[in-house]
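Quick look at upload-v4.txt (compact mmCIF, C-alpha atoms):
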```
# COMPACT_ATOMS: atom_id res chain seq x y z
CA MET F 1 -0.38 3.68 -12.88
CA GLY F 2 -0.42 0.25 -11.27
CA PRO F 3 -1.53 -1.57 -9.17
CA LEU F 4 -4.80 -1.27 -11.03
CA ILE F 5 -7.20 -1.93 -8.16
CA VAL F 6 -5.46 0.13 -5.50
CA ASN F 7 -5.36 3.11 -7.86
CA GLU F 8 -8.99 2.49 -8.76
CA ILE F 9 -8.32 2.13 -12.46
CA ILE F 10 -10.35 -1.06 -12.51
CA THR F 11 -13.06 -2.18 -10.09
CA GLU F 12 -12.95 -5.29 -7.96
CA ASN F 13 -15.42 -6.94 -10.31
CA THR F 14 -13.27 -6.26 -13.36
CA ASN F 15 -10.41 -7.70 -11.36
CA LEU F 16 -12.42 -10.88 -10.84
CA LEU F 17 -12.99 -11.05 -14.59
CA PHE F 18 -9.24 -10.72 -15.20
CA ALA F 19 -8.62 -13.39 -12.57
CA PHE F 20 -11.10 -15.67 -14.33
CA LEU F 21 -9.40 -15.22 -17.72
CA ILE F 22 -5.90 -15.62 -16.28
CA GLY F 23 -7.12 -18.65 -14.33
CA ILE F 24 -8.33 -20.31 -17.52
CA GLY F 25 -4.97 -19.65 -19.16
CA PHE F 26 -3.11 -20.92 -16.11
CA GLY F 27 -5.17 -24.12 -15.95
CA PHE F 28 -4.73 -24.69 -19.67
CA VAL F 29 -0.95 -24.36 -19.46
CA LEU F 30 -0.79 -26.61 -16.39
CA GLU F 31 -2.79 -29.30 -18.13
CA GLN F 32 -0.85 -29.02 -21.38
CA SER F 33 2.48 -29.32 -19.54
CA GLY F 34 1.33 -32.58 -18.03
CA PHE F 35 0.79 -31.27 -14.50
CA SER F 36 -2.46 -33.16 -14.24
CA SER F 37 -0.38 -36.31 -13.73
CA SER F 38 0.43 -36.90 -10.08
CA ARG F 39 3.65 -38.68 -11.11
CA LYS F 40 4.97 -35.46 -12.56
CA LEU F 41 4.91 -33.64 -9.22
CA ALA F 42 6.19 -36.59 -7.25
CA GLY F 43 8.99 -36.77 -9.83
CA VAL F 44 10.54 -33.60 -8.42
CA PHE F 45 11.11 -35.41 -5.14
CA TYR F 46 12.48 -38.58 -6.71
CA GLY F 47 14.54 -36.65 -9.26
CA TYR F 48 13.23 -38.19 -12.46
CA ASP F 49 11.21 -35.19 -13.59
CA ALA F 50 12.03 -31.56 -12.81
CA VAL F 51 9.45 -29.88 -15.06
CA VAL F 52 7.46 -28.59 -12.09
CA LEU F 53 10.53 -27.01 -10.56
CA LYS F 54 11.49 -25.42 -13.85
CA VAL F 55 8.03 -24.12 -14.67
CA PHE F 56 7.39 -22.52 -11.30
CA PHE F 57 10.87 -21.09 -10.94
CA THR F 58 10.65 -19.64 -14.45
CA ALA F 59 7.26 -18.16 -13.58
CA ALA F 60 8.68 -16.60 -10.43
CA ILE F 61 11.63 -15.12 -12.29
CA THR F 62 9.43 -13.79 -15.08
CA GLY F 63 7.13 -12.21 -12.52
CA MET F 64 10.05 -10.75 -10.59
CA LEU F 65 11.67 -9.23 -13.67
CA GLY F 66 8.29 -7.92 -14.81
CA LEU F 67 7.62 -6.19 -11.50
CA LEU F 68 11.11 -4.67 -11.34
CA PHE F 69 11.01 -3.38 -14.91
CA PHE F 70 7.45 -2.07 -14.52
CA SER F 71 8.59 -0.24 -11.43
CA LEU F 72 11.61 1.10 -13.31
CA PHE F 73 9.40 2.43 -16.09
CA GLY F 74 7.05 4.00 -13.54
CA TRP F 75 4.15 1.75 -14.51
CA LEU F 76 3.83 0.18 -11.10
CA ASP F 77 4.19 1.51 -7.58
CA LEU F 78 5.91 -1.36 -5.76
CA SER F 79 5.19 0.18 -2.35
CA LEU F 80 1.49 -0.48 -2.97
CA VAL F 81 1.97 -4.11 -3.88
CA TYR F 82 0.72 -6.40 -1.14
CA ILE F 83 3.37 -8.59 0.45
CA ASN F 84 2.02 -11.50 2.39
CA PRO F 85 3.24 -11.15 5.99
CA THR F 86 5.65 -13.85 7.10
CA PHE F 87 4.95 -15.82 10.26
CA LEU F 88 8.11 -17.86 10.49
CA SER F 89 6.96 -20.85 12.57
CA SER F 90 3.79 -21.48 10.63
CA SER F 91 5.63 -20.94 7.33
CA ILE F 92 8.14 -23.66 8.15
CA LEU F 93 5.53 -26.05 9.52
CA GLY F 94 3.17 -25.33 6.65
CA GLY F 95 5.99 -25.89 4.17
CA VAL F 96 6.75 -29.28 5.66
CA ILE F 97 3.10 -30.35 5.62
CA MET F 98 2.59 -29.06 2.09
CA GLY F 99 5.79 -30.72 0.87
CA ALA F 100 4.77 -34.04 2.40
CA GLY F 101 1.37 -33.66 0.77
CA PHE F 102 3.08 -33.09 -2.58
CA ILE F 103 5.04 -36.31 -2.33
CA ILE F 104 2.21 -38.44 -0.93
CA GLY F 105 -0.57 -37.05 -3.08
CA GLY F 106 1.35 -36.03 -6.16
CA TYR F 107 -0.61 -32.80 -6.53
CA CYS F 108 -0.52 -29.25 -5.35
CA PRO F 109 -3.90 -27.55 -4.85
CA GLY F 110 -3.90 -26.00 -8.33
CA THR F 111 -2.86 -29.07 -10.26
CA SER F 112 -5.32 -31.28 -8.34
CA PHE F 113 -8.16 -29.28 -9.89
CA CYS F 114 -6.43 -29.64 -13.26
CA GLY F 115 -6.39 -33.38 -12.79
CA ALA F 116 -9.99 -33.44 -11.58
CA SER F 117 -11.12 -31.50 -14.64
CA ILE F 118 -9.97 -34.34 -16.88
CA GLY F 119 -11.51 -36.94 -14.59
CA LYS F 120 -8.53 -38.30 -12.63
CA ILE F 121 -9.78 -40.21 -9.63
CA ASP F 122 -6.67 -39.64 -7.54
CA ALA F 123 -7.16 -35.89 -8.07
CA PHE F 124 -10.71 -36.14 -6.67
CA VAL F 125 -9.38 -38.00 -3.65
CA PHE F 126 -6.71 -35.32 -3.23
CA ILE F 127 -9.34 -32.55 -3.35
CA ALA F 128 -11.45 -34.37 -0.76
CA GLY F 129 -8.37 -34.51 1.46
CA LEU F 130 -7.75 -30.84 0.83
CA PHE F 131 -11.21 -29.89 2.07
CA ILE F 132 -10.88 -32.18 5.11
CA GLY F 133 -7.60 -30.45 5.91
CA VAL F 134 -9.15 -27.00 5.52
CA ALA F 135 -12.06 -27.98 7.78
CA LEU F 136 -9.75 -29.45 10.42
CA PHE F 137 -7.60 -26.34 10.35
CA GLY F 138 -10.65 -24.10 10.73
CA TRP F 139 -12.31 -26.08 13.53
CA GLY F 140 -9.11 -26.57 15.44
CA PHE F 141 -7.88 -23.01 14.92
CA PRO F 142 -7.94 -22.03 18.64
CA LEU F 143 -5.56 -24.94 19.30
CA TRP F 144 -2.85 -23.68 16.94
CA GLU F 145 -3.67 -19.99 16.80
CA LYS F 146 -0.64 -19.17 18.93
CA LEU F 147 1.70 -21.15 16.69
CA TYR F 148 0.01 -19.77 13.59
CA LEU F 149 0.76 -16.20 14.59
CA ALA F 150 4.18 -16.82 16.17
CA LYS F 151 7.36 -15.08 14.97
CA ASP F 152 5.72 -12.33 12.93
CA LEU F 153 8.40 -10.89 10.65
CA GLY F 154 6.11 -8.43 8.91
CA ASP F 155 6.86 -8.27 5.22
CA PRO F 156 10.56 -9.08 4.99
CA LYS F 157 12.52 -9.03 1.76
CA VAL F 158 15.66 -11.05 1.25
CA SER F 159 17.28 -8.10 -0.52
CA ARG F 160 16.64 -5.88 2.52
CA LEU F 161 18.00 -8.58 4.83
CA LEU F 162 21.21 -8.85 2.77
CA GLY F 163 21.44 -5.09 2.34
CA ILE F 164 21.56 -5.25 -1.46
CA SER F 165 19.31 -3.71 -4.06
CA ASP F 166 16.29 -5.56 -5.39
CA GLY F 167 17.88 -5.64 -8.84
CA LEU F 168 21.09 -7.25 -7.64
CA PHE F 169 19.10 -9.85 -5.73
CA ALA F 170 17.11 -10.53 -8.89
CA LEU F 171 20.32 -11.21 -10.80
CA LEU F 172 21.56 -13.55 -8.07
CA LEU F 173 18.26 -15.40 -8.05
CA ILE F 174 18.40 -15.81 -11.82
CA LEU F 175 21.87 -17.33 -11.58
CA VAL F 176 20.77 -19.62 -8.75
CA ALA F 177 17.76 -20.70 -10.80
CA LEU F 178 19.85 -21.50 -13.85
CA VAL F 179 22.25 -23.56 -11.76
CA MET F 180 19.25 -25.35 -10.25
CA PHE F 181 17.81 -26.08 -13.68
CA TRP F 182 21.12 -27.54 -14.74
CA ALA F 183 21.34 -29.67 -11.59
CA ALA F 184 17.74 -30.80 -12.07
CA GLU F 185 18.49 -31.94 -15.62
CA LEU F 186 21.51 -33.87 -14.37
CA ALA F 187 19.22 -35.58 -11.86
CA GLU F 188 16.75 -36.39 -14.60
CA LYS F 189 19.53 -38.19 -16.46
CA LYS F 190 20.70 -39.93 -13.31
CA PHE F 191 17.33 -41.23 -12.15
CA PRO F 192 15.50 -41.91 -15.39
CA ARG F 193 12.17 -43.64 -15.25
CA GLU F 194 10.52 -45.32 -18.14
CA GLU F 195 7.03 -44.14 -18.99
CA TYR F 196 5.02 -42.61 -16.22
CA MET R 1 19.75 -25.22 -28.75
CA LYS R 2 18.59 -26.33 -25.35
CA PRO R 3 15.66 -24.37 -23.90
CA ARG R 4 17.78 -23.71 -20.84
CA ILE R 5 20.39 -21.90 -22.94
CA VAL R 6 17.70 -19.87 -24.72
CA LEU R 7 16.15 -18.95 -21.39
CA ALA R 8 19.54 -18.00 -19.97
CA ALA R 9 20.29 -15.87 -23.02
CA PHE R 10 17.15 -13.86 -22.27
CA ILE R 11 17.03 -13.55 -18.53
CA ILE R 12 20.71 -13.08 -17.70
CA PRO R 13 20.98 -9.82 -19.71
CA LEU R 14 17.70 -8.64 -18.19
CA GLY R 15 19.03 -9.49 -14.74
CA LEU R 16 22.24 -7.61 -15.46
CA ILE R 17 20.27 -4.55 -16.55
CA ILE R 18 18.02 -4.56 -13.51
CA ALA R 19 21.00 -5.09 -11.19
CA ALA R 20 22.94 -2.21 -12.74
CA ILE R 21 20.14 0.35 -12.78
CA PRO R 22 19.34 2.20 -9.56
CA GLN R 23 15.94 1.50 -8.09
CA ASN R 24 13.10 3.76 -9.03
CA THR R 25 12.41 5.47 -5.73
CA THR R 26 10.56 8.49 -7.06
CA VAL R 27 7.26 9.11 -5.37
CA PRO R 28 4.60 8.81 -8.01
CA TYR R 29 3.05 12.22 -8.44
CA LYS R 30 -0.49 12.08 -9.68
CA LEU R 31 -0.75 15.62 -11.02
CA THR R 32 1.23 17.16 -13.80
CA ALA R 33 3.02 20.43 -13.16
CA HIS R 34 0.39 22.25 -15.21
CA GLN R 35 -2.52 20.77 -13.28
CA LEU R 36 -0.90 21.65 -10.00
CA LEU R 37 -0.18 25.18 -11.12
CA ALA R 38 -3.80 25.60 -12.16
CA GLU R 39 -5.03 24.29 -8.81
CA SER R 40 -2.55 26.40 -6.86
CA ASN R 41 -4.00 29.51 -8.41
CA LEU R 42 -7.52 28.62 -7.39
CA ARG R 43 -8.93 30.29 -4.33
CA SER R 44 -10.85 27.14 -3.52
CA LYS R 45 -7.89 25.59 -1.75
CA TYR R 46 -8.32 28.16 1.03
CA VAL R 47 -10.86 27.98 3.80
CA SER R 48 -11.69 31.28 5.45
CA PRO R 49 -11.27 31.70 9.21
CA GLU R 50 -15.01 32.41 9.43
CA GLN R 51 -15.86 29.07 7.89
CA VAL R 52 -13.46 27.22 10.17
CA ALA R 53 -14.81 29.13 13.18
CA HIS R 54 -18.35 28.29 12.17
CA MET R 55 -17.49 24.60 11.81
CA LEU R 56 -15.69 24.63 15.15
CA VAL R 57 -18.55 26.31 16.98
CA SER R 58 -21.12 23.99 15.43
CA LYS R 59 -18.81 21.06 16.22
CA ASP R 60 -18.88 19.88 12.63
CA PRO R 61 -17.41 16.36 12.73
CA THR R 62 -16.13 16.57 9.16
CA LEU R 63 -13.59 19.24 10.04
CA GLN R 64 -10.06 18.00 10.74
CA LEU R 65 -7.61 20.76 11.59
CA ILE R 66 -3.98 19.80 11.06
CA ASP R 67 -1.28 21.88 12.68
CA VAL R 68 1.84 21.58 10.54
CA ARG R 69 4.03 23.64 12.86
CA SER R 70 6.56 22.10 15.22
CA GLN R 71 5.58 20.24 18.36
CA ASP R 72 6.72 23.15 20.58
CA GLU R 73 4.60 25.68 18.78
CA TYR R 74 1.69 23.29 18.83
CA ASP R 75 2.04 22.80 22.58
CA LYS R 76 2.04 26.54 23.14
CA TYR R 77 -1.10 27.21 21.21
CA HIS R 78 -3.25 25.41 18.72
CA LEU R 79 -6.79 25.49 17.51
CA GLU R 80 -9.44 23.37 19.13
CA GLY R 81 -9.39 19.77 17.96
CA ALA R 82 -6.31 20.23 15.81
CA VAL R 83 -3.83 17.41 15.51
CA ASN R 84 -0.13 18.06 15.16
CA ILE R 85 1.71 16.76 12.11
CA PRO R 86 4.98 18.69 11.90
CA ILE R 87 5.77 19.37 8.26
CA THR R 88 8.93 17.27 8.57
CA ASP R 89 6.78 14.24 9.46
CA LEU R 90 4.14 14.87 6.85
CA LEU R 91 4.91 11.71 4.89
CA ALA R 92 5.37 9.46 7.92
CA GLU R 93 3.50 6.20 7.55
CA LYS R 94 1.58 6.68 10.79
CA TYR R 95 -0.14 9.84 9.55
CA ALA R 96 -1.01 8.49 6.12
CA TYR R 97 -4.56 7.63 7.13
CA LEU R 98 -5.13 11.24 8.20
CA ILE R 99 -3.97 13.03 5.10
CA ASN R 100 -5.05 10.42 2.58
CA GLN R 101 -8.75 9.92 3.20
CA GLU R 102 -12.06 10.66 1.56
CA VAL R 103 -14.28 11.51 4.49
CA LYS R 104 -13.13 14.57 6.39
CA MET R 105 -12.14 18.03 5.34
CA ASN R 106 -8.52 18.51 6.30
CA VAL R 107 -7.46 22.08 6.95
CA PHE R 108 -3.73 22.67 7.24
CA TYR R 109 -2.57 25.68 9.16
CA SER R 110 0.72 27.21 10.20
CA ASN R 111 1.54 30.67 11.54
CA GLY R 112 1.38 32.19 8.10
CA THR R 113 0.39 30.20 5.05
CA VAL R 114 3.77 29.17 3.66
CA VAL R 115 4.22 25.91 5.53
CA ALA R 116 0.54 25.01 5.20
CA ASN R 117 0.86 25.64 1.48
CA GLU R 118 3.84 23.28 1.31
CA ALA R 119 1.81 20.58 3.01
CA TRP R 120 -1.13 21.20 0.69
CA MET R 121 1.06 21.11 -2.39
CA ILE R 122 2.78 17.84 -1.47
CA THR R 123 -0.42 16.05 -0.53
CA ARG R 124 -2.14 17.38 -3.64
CA GLN R 125 0.73 16.17 -5.81
CA LEU R 126 0.32 12.73 -4.29
CA GLY R 127 -3.28 12.79 -5.43
CA TYR R 128 -4.87 13.14 -1.97
CA ASN R 129 -8.21 14.90 -1.86
CA ASN R 130 -10.00 16.95 0.78
CA ASN R 131 -6.96 18.92 1.89
CA TYR R 132 -7.29 22.68 2.37
CA ILE R 133 -5.41 25.60 3.86
CA LEU R 134 -6.57 27.98 6.57
CA GLU R 135 -6.57 31.33 4.84
CA GLY R 136 -3.96 33.64 6.31
CA GLY R 137 -2.85 31.08 8.87
CA LEU R 138 -2.91 31.59 12.62
CA ASN R 139 -1.84 35.21 12.35
CA TYR R 140 -4.91 36.09 10.35
CA TRP R 141 -6.99 33.89 12.66
CA ALA R 142 -5.84 35.99 15.60
CA GLU R 143 -6.62 39.19 13.71
CA THR R 144 -10.06 38.18 12.56
CA ILE R 145 -11.52 35.74 15.03
CA LEU R 146 -9.72 36.30 18.30
CA ASN R 147 -9.23 40.01 18.00
CA PRO R 148 -11.51 41.48 15.34
CA ILE R 149 -11.29 45.16 14.57
CA LYS R 150 -14.50 47.04 15.08
CA PRO R 151 -15.63 48.51 11.77
CA ALA R 152 -16.06 52.24 11.40
CA ASN R 153 -19.50 53.65 12.08
CA THR R 154 -19.95 54.41 8.41
CA SER R 155 -19.35 50.81 7.34
CA PRO R 156 -22.09 48.87 5.57
CA ASN R 157 -24.26 46.52 7.56
CA GLU R 158 -22.48 43.42 6.28
CA GLU R 159 -19.29 44.62 7.92
CA PHE R 160 -21.05 44.83 11.24
CA ALA R 161 -22.64 41.42 10.76
CA ARG R 162 -19.24 39.93 10.05
CA TYR R 163 -17.76 41.69 13.06
CA ASP R 164 -20.53 40.37 15.27
CA PHE R 165 -19.99 36.85 13.99
CA ARG R 166 -16.24 37.06 14.52
CA LYS R 167 -16.73 38.44 17.98
CA ALA R 168 -19.19 35.73 18.94
CA ALA R 169 -17.10 32.99 17.40
CA GLY R 170 -13.96 34.32 19.04
CA THR R 171 -15.66 34.34 22.43
CA ALA R 172 -16.92 30.82 21.91
CA LEU R 173 -13.48 29.68 20.84
CA GLY R 174 -11.60 30.93 23.84
CA ALA R 175 -10.89 34.60 23.24
CA ALA R 176 -11.71 36.80 26.22
CA PRO R 177 -14.45 39.36 25.51
CA ALA R 178 -11.91 42.15 25.90
CA GLU R 179 -11.03 43.79 22.63
CA THR R 180 -7.28 43.89 23.00
CA LEU R 181 -6.26 40.33 23.11
CA THR R 182 -3.61 38.06 21.80
CA ALA R 183 -3.76 34.35 21.39
CA PRO R 184 -4.40 32.71 24.76
CA GLU R 185 -1.68 30.42 25.93
CA ASN R 186 -2.26 26.74 26.36
CA SER R 187 -5.96 27.05 25.91
CA GLN R 188 -6.53 23.64 24.44
CA PRO R 189 -5.39 20.25 25.58
CA ALA R 190 -3.29 18.55 22.96
CA THR R 191 -5.30 16.24 20.80
CA ALA R 192 -3.62 12.90 20.68
CA ILE R 193 -3.43 11.32 17.28
CA PRO R 194 -4.77 7.81 17.41
CA ILE R 195 -2.47 5.54 15.47
CA ILE R 196 -4.54 3.35 13.24
CA VAL R 197 -2.78 0.81 11.12
CA LYS R 198 -5.02 0.51 8.12
CA PRO R 199 -4.27 -2.27 5.63
CA LYS R 200 -4.64 -0.42 2.37
CA LYS R 201 -3.09 -2.90 0.07
CA LYS R 202 -5.18 -5.55 -1.52
CA LYS R 203 -4.57 -8.99 -0.18
CA ALA R 204 -3.70 -11.45 -2.87
CA ALA R 205 -4.65 -15.09 -2.67
CA GLY R 206 -3.13 -17.80 -4.75
CA GLY R 207 -0.23 -20.07 -5.25
CA CYS R 208 0.17 -23.14 -7.27
```
Using structure tokens, write down the structure that the file contains.
Amino acid sequence: MGPLIVNEIITENTNLLFAFLIGIGFGFVLEQSGFSSSRKLAGVFYGYDAVVLKVFFTAAITGMLGLLFFSLFGWLDLSLVYINPTFLSSSILGGVIMGAGFIIGGYCPGTSFCGASIGKIDAFVFIAGLFIGVALFGWGFPLWEKLYLAKDLGDPKVSRLLGISDGLFALLLILVALVMFWAAELAEKKFPREEY
Amino acid sequence: MKPRIVLAAFIIPLGLIIAAIPQNTTVPYKLTAHQLLAESNLRSKYVSPEQVAHMLVSKDPTLQLIDVRSQDEYDKYHLEGAVNIPITDLLAEKYAYLINQEVKMNVFYSNGTVVANEAWMITRQLGYNNNYILEGGLNYWAETILNPIKPANTSPNEEFARYDFRKAAGTALGAAPAETLTAPENSQPATAIPIIVKPKKKKAAGGC
């Protein structure tokens, strides 16, 4: 049955409608969980607030379990699901830049728009920086094109790399996540911060 | 209870289940057994040698002949413009764009029709359209197009018209004008299959 677009069950336009509705829900949840505060994201780095880590890891695990069970029930053909190709060098460099941006700016692209929607000035500044970064990347693309496309790994999967089944990897990831949540809560107790 | 414990109580059992169950590797078939049976019994999955000959002579660009025999047999003799996809490689990723497309009319052929039928059935099950079978296979092709039998003098006019067409088509497609003739050897250069990597999956954008 799924994926819905590839199997032409819904059109691209219907997909955009779904994206719009899901986007509203996503933004609402982000705002309600306090992600529109830049201190919340920076808190992950300083250890006083691990909500961001917990929310996104939980989302990833929910999505992973959903995909695996849908595939098990025959509702979704996993071989048709797009996997973003991995270019190792640019992934590492991009991760470092993005991580630094998180700490300095206190937002990730999604939450900055959340913050802007309730009128936070630092979120507007962050978005301006985001567009400047996009423009610089685009204009300077010939300069880093080689690096951008270096070390193409195709669409690797950790489970394939380890030679285990997707399901077993899912279980391992769940255990890792739970240990991380526990460690994050310990950190929250260790580096408490009054009112932010 | 802490949310973490509640979460763990839910996802650890789910993780255990998914880790213990073998992966679903079945190829998703799009047709039910009944639908396939109904389609198998239709004559419309066959294309007659005359039609293929006509399309070949008129250089119809929508025709895509697919030789599902082995490479050796293909090298010995194959129809003009045919590409070789041995039945064992039918599902190889590099041929996917050929058998799963909406533009051309794919005609599978083998010596008889058994192997071509296998190819048709598998591709049909996978939900691919525009795949057909050369009626009677190469053997019947040789009988009708390359080496047609002259009808008896008492035959109706249509028989003669068909004979004339077969004769003309056969001559155009490489059969010598002589009446006793078998398939010419190595008459066509092998048609190389261009390997096109077509991104079929939808690219997703997003992140946090």
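With distances taken over only C-alpha atoms, F:Asn84 is the one residue among F:Asn84, F:Ser117, F:Ser38, F:Ser159 lying closest to chain R.
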Contact residues (chain F, partner chain R, 9 Å, only C-alpha atoms) as a ChimeraX atom specification | /F:1,5-6,56,58,61-62,65,68-69,71-74,77,80-84,108-111,165-175,178,181-182
Test item: residues at most 12 Å from Ala169 (chain R), all atoms listed in the file, excluding those fewer than 3 positions along its chain, as a list in words |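 These residues fall inside the cut-off: Pro49, Glu50, Gln51, Val52, Ala53, His54, Met55, Leu56, Val57, Ser58, Trp141, Ala142, Thr144, Ile145, Leu146, Asn147, Pro148, Arg162, Tyr163, Asp164, Phe165, Arg166, Ala172, Leu173, Gly174, Ala175, Ala176 and Pro177 of chain R.
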The distance between CA of Glu73 (chain R) and CA of Ala116 (chain R) is 14.2 Å
Hey, what's within 12 Å of Gly27 (chain F) if we count only C-alpha atoms and toss same-chain stuff fewer than 6 positions away? As a PyMOL selection string, please?
-> (chain F and resi 19-21+33-36+109-118) or (chain R and resi 208)
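Rounded to one decimal, CA of Ala184 (chain F) and CA of Gly47 (chain F) lie 7.2 Å from each other.
Atom pair CA of Met180 (chain F) / CA of Phe57 (chain F) has a distance of 9.4 Å (rounded to one decimal).
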Of the candidates F:Leu162, F:Ile9, F:Val55, F:Ala42, which shows the shortest atom-to-atom distance to Leu30 (chain F), using only C-alpha atoms?
-> F:Val55
